[in-house]
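Undergrad: Quick one: the structure is below, questions incoming.
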Amino acid sequence: MAYDEALAERIREATAGQPGLSERKMFGGLALMVGGNMFCGVVGDSLMARVGTDRHHEALMRPHVRPMDFTGRPMRSMVFVGPEGVREPADLAAWVSETLAFALSLPPKR
């Protein structure tokens with residue numbers, strides 16, 4: 001499955017200068033990592049956002065958000081945000097900031 005390279009580039013621009021970033025192809029798309037922990041990515045034309053289990057329900061209440069479920073079972077710490085939910089630069093920046101902060105709160109992976 002191809003992923004929206006323009007959305008990936010917008011995420012790269014939003015995280016420019018952040019130390020410890022890396023990218024990995026996974027979930028049929030692109031995952032962005034910090035300290036070895038995934039914080040967001042792109043699958044198809046949607047933003048994949050790691051919000052954590054404590055904020056999962058709250059995230060699902062936001063516009064254009066749906067559960068992330070590859071296997072028929074939703075992942076309880078991740079959501080998909082449709083293109084309409086990240087169309088505006090401020091909306092994408094908010095999601096990237098939130099997911100990056102969550103991943104930075106986790107212990108780095110070796």
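Every chain in the structure tokens has a letter given in the order shown (A, B, ...), and although residue numbers restart at 1 in each chain, ligands are simply numbered from 1 in the order shown.
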Can you list, as a PyMOL selection string, every protein, DNA or RNA residue that comes within 12 Å of Ala14 in chain A when you count only C-alpha atoms, leaving out same-chain residues fewer than 3 positions away?

TA: chain A and resi 7-11+17-18+21+32+40+89-97+100

Undergrad: Per DSSP on the backbone, what are the strand (DSSP E) residues of chain A, as a VMD selection string?

TA: chain A and resid 21 to 26 29 to 34 37 to 43 46 to 50 65 to 67 78 to 81

Undergrad: Go ahead and write the selection's residues with N, CA and C atoms as a PDB file, in the first residue's frame.

TA:
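The result, written out as out-v7.pdb:
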ATOM      1  N   LEU A  21      15.108  11.637  15.788  1.00  0.00           N
ATOM      2  CA  LEU A  21      14.039  11.142  14.923  1.00  0.00           C
ATOM      3  C   LEU A  21      14.562  10.105  13.944  1.00  0.00           C
ATOM      4  N   SER A  22      13.701   9.172  13.612  1.00  0.00           N
ATOM      5  CA  SER A  22      14.001   8.205  12.564  1.00  0.00           C
ATOM      6  C   SER A  22      12.688   7.803  11.901  1.00  0.00           C
ATOM      7  N   GLU A  23      12.807   7.139  10.789  1.00  0.00           N
ATOM      8  CA  GLU A  23      11.639   6.682  10.037  1.00  0.00           C
ATOM      9  C   GLU A  23      11.796   5.197   9.761  1.00  0.00           C
ATOM     10  N   ARG A  24      10.649   4.527   9.704  1.00  0.00           N
ATOM     11  CA  ARG A  24      10.649   3.107   9.400  1.00  0.00           C
ATOM     12  C   ARG A  24       9.380   2.773   8.627  1.00  0.00           C
ATOM     13  N   LYS A  25       9.521   1.990   7.588  1.00  0.00           N
ATOM     14  CA  LYS A  25       8.341   1.538   6.871  1.00  0.00           C
ATOM     15  C   LYS A  25       7.710   0.405   7.679  1.00  0.00           C
ATOM     16  N   MET A  26       6.438   0.589   8.026  1.00  0.00           N
ATOM     17  CA  MET A  26       5.692  -0.434   8.756  1.00  0.00           C
ATOM     18  C   MET A  26       4.202  -0.167   8.592  1.00  0.00           C
ATOM     19  N   GLY A  29       2.838   1.541   5.611  1.00  0.00           N
ATOM     20  CA  GLY A  29       3.044   2.972   5.436  1.00  0.00           C
ATOM     21  C   GLY A  29       4.383   3.376   6.000  1.00  0.00           C
ATOM     22  N   LEU A  30       4.425   4.562   6.573  1.00  0.00           N
ATOM     23  CA  LEU A  30       5.653   5.114   7.134  1.00  0.00           C
ATOM     24  C   LEU A  30       5.412   5.472   8.591  1.00  0.00           C
ATOM     25  N   ALA A  31       6.279   5.014   9.481  1.00  0.00           N
ATOM     26  CA  ALA A  31       6.201   5.351  10.903  1.00  0.00           C
ATOM     27  C   ALA A  31       7.355   6.284  11.245  1.00  0.00           C
ATOM     28  N   LEU A  32       7.062   7.301  12.031  1.00  0.00           N
ATOM     29  CA  LEU A  32       8.090   8.223  12.515  1.00  0.00           C
ATOM     30  C   LEU A  32       8.327   7.928  13.984  1.00  0.00           C
ATOM     31  N   MET A  33       9.607   7.858  14.333  1.00  0.00           N
ATOM     32  CA  MET A  33      10.015   7.430  15.665  1.00  0.00           C
ATOM     33  C   MET A  33      10.880   8.505  16.314  1.00  0.00           C
ATOM     34  N   VAL A  34      10.841   8.490  17.651  1.00  0.00           N
ATOM     35  CA  VAL A  34      11.759   9.306  18.428  1.00  0.00           C
ATOM     36  C   VAL A  34      12.222   8.431  19.587  1.00  0.00           C
ATOM     37  N   ASN A  37      10.725   4.990  19.778  1.00  0.00           N
ATOM     38  CA  ASN A  37       9.283   4.858  19.997  1.00  0.00           C
ATOM     39  C   ASN A  37       8.521   5.557  18.876  1.00  0.00           C
ATOM     40  N   MET A  38       7.562   4.844  18.291  1.00  0.00           N
ATOM     41  CA  MET A  38       6.756   5.455  17.255  1.00  0.00           C
ATOM     42  C   MET A  38       5.855   6.523  17.861  1.00  0.00           C
ATOM     43  N   PHE A  39       5.741   7.671  17.165  1.00  0.00           N
ATOM     44  CA  PHE A  39       4.810   8.691  17.629  1.00  0.00           C
ATOM     45  C   PHE A  39       3.718   8.967  16.608  1.00  0.00           C
ATOM     46  N   CYS A  40       4.020   8.905  15.341  1.00  0.00           N
ATOM     47  CA  CYS A  40       2.984   9.058  14.326  1.00  0.00           C
ATOM     48  C   CYS A  40       3.497   8.477  13.031  1.00  0.00           C
ATOM     49  N   GLY A  41       2.649   8.520  12.026  1.00  0.00           N
ATOM     50  CA  GLY A  41       3.040   8.018  10.728  1.00  0.00           C
ATOM     51  C   GLY A  41       1.958   8.280   9.712  1.00  0.00           C
ATOM     52  N   VAL A  42       2.138   7.678   8.562  1.00  0.00           N
ATOM     53  CA  VAL A  42       1.193   7.850   7.465  1.00  0.00           C
ATOM     54  C   VAL A  42       0.863   6.471   6.915  1.00  0.00           C
ATOM     55  N   VAL A  43      -0.421   6.161   6.845  1.00  0.00           N
ATOM     56  CA  VAL A  43      -0.912   4.938   6.225  1.00  0.00           C
ATOM     57  C   VAL A  43      -1.967   5.365   5.224  1.00  0.00           C
ATOM     58  N   SER A  46      -4.046   8.764   5.552  1.00  0.00           N
ATOM     59  CA  SER A  46      -4.377   9.116   6.937  1.00  0.00           C
ATOM     60  C   SER A  46      -3.142   9.241   7.819  1.00  0.00           C
ATOM     61  N   LEU A  47      -3.268  10.089   8.812  1.00  0.00           N
ATOM     62  CA  LEU A  47      -2.252  10.202   9.858  1.00  0.00           C
ATOM     63  C   LEU A  47      -2.487   9.084  10.857  1.00  0.00           C
ATOM     64  N   MET A  48      -1.454   8.372  11.201  1.00  0.00           N
ATOM     65  CA  MET A  48      -1.494   7.369  12.252  1.00  0.00           C
ATOM     66  C   MET A  48      -0.932   8.055  13.497  1.00  0.00           C
ATOM     67  N   ALA A  49      -1.725   8.132  14.553  1.00  0.00           N
ATOM     68  CA  ALA A  49      -1.332   8.902  15.729  1.00  0.00           C
ATOM     69  C   ALA A  49      -1.302   8.032  16.976  1.00  0.00           C
ATOM     70  N   ARG A  50      -0.180   8.021  17.663  1.00  0.00           N
ATOM     71  CA  ARG A  50      -0.055   7.296  18.927  1.00  0.00           C
ATOM     72  C   ARG A  50      -0.389   8.261  20.054  1.00  0.00           C
ATOM     73  N   VAL A  65     -11.549  11.328  13.248  1.00  0.00           N
ATOM     74  CA  VAL A  65     -10.707  10.318  13.892  1.00  0.00           C
ATOM     75  C   VAL A  65     -11.475   9.001  13.937  1.00  0.00           C
ATOM     76  N   ARG A  66     -10.751   7.919  13.681  1.00  0.00           N
ATOM     77  CA  ARG A  66     -11.354   6.589  13.747  1.00  0.00           C
ATOM     78  C   ARG A  66     -10.356   5.629  14.403  1.00  0.00           C
ATOM     79  N   PRO A  67     -10.830   4.513  14.900  1.00  0.00           N
ATOM     80  CA  PRO A  67      -9.921   3.548  15.517  1.00  0.00           C
ATOM     81  C   PRO A  67      -8.905   3.023  14.511  1.00  0.00           C
ATOM     82  N   MET A  78      -3.713   3.898  19.680  1.00  0.00           N
ATOM     83  CA  MET A  78      -3.472   4.542  18.399  1.00  0.00           C
ATOM     84  C   MET A  78      -4.782   4.811  17.676  1.00  0.00           C
ATOM     85  N   VAL A  79      -4.767   5.861  16.869  1.00  0.00           N
ATOM     86  CA  VAL A  79      -5.928   6.215  16.056  1.00  0.00           C
ATOM     87  C   VAL A  79      -5.459   6.625  14.666  1.00  0.00           C
ATOM     88  N   PHE A  80      -6.402   6.617  13.740  1.00  0.00           N
ATOM     89  CA  PHE A  80      -6.195   7.202  12.427  1.00  0.00           C
ATOM     90  C   PHE A  80      -6.921   8.532  12.387  1.00  0.00           C
ATOM     91  N   VAL A  81      -6.286   9.525  11.788  1.00  0.00           N
ATOM     92  CA  VAL A  81      -6.907  10.823  11.555  1.00  0.00           C
ATOM     93  C   VAL A  81      -7.014  10.968  10.042  1.00  0.00           C
TER      94      VAL A  81
END

Undergrad: Between A:Phe27, A:Pro107, A:Gly36, A:Thr99, single out the one closest to Met68 in chain A, counting only C-alpha atoms.

TA: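 Going through A:Phe27, A:Pro107, A:Gly36, A:Thr99 one by one, the smallest distance to Met68 in chain A is for A:Phe27.
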
Undergrad: Report, in Å with one decimal, the straight-line distance from CA of Gly82 in chain A to CA of Asp45 in chain A.

TA: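 Separating CA of Gly82 in chain A from CA of Asp45 in chain A is a distance of 7.1 Å.
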
Undergrad: Would you compute the distance between CA of Thr15 in chain A and CA of Pro83 in chain A? Give it in Å to one decimal.

TA: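 Separation of CA of Thr15 in chain A and CA of Pro83 in chain A: 18.8 Å.
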
Undergrad: Quick one: distance from CA of Leu104 in chain A to CA of Val51 in chain A in Å, one decimal?

TA: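 Computing the Euclidean distance for CA of Leu104 in chain A and CA of Val51 in chain A yields 11.7 Å.
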
Undergrad: Would you list, as a count of residues only, the residues of chain A that end up in alpha helix (DSSP H) under DSSP run on this structure's backbone?

TA: 31
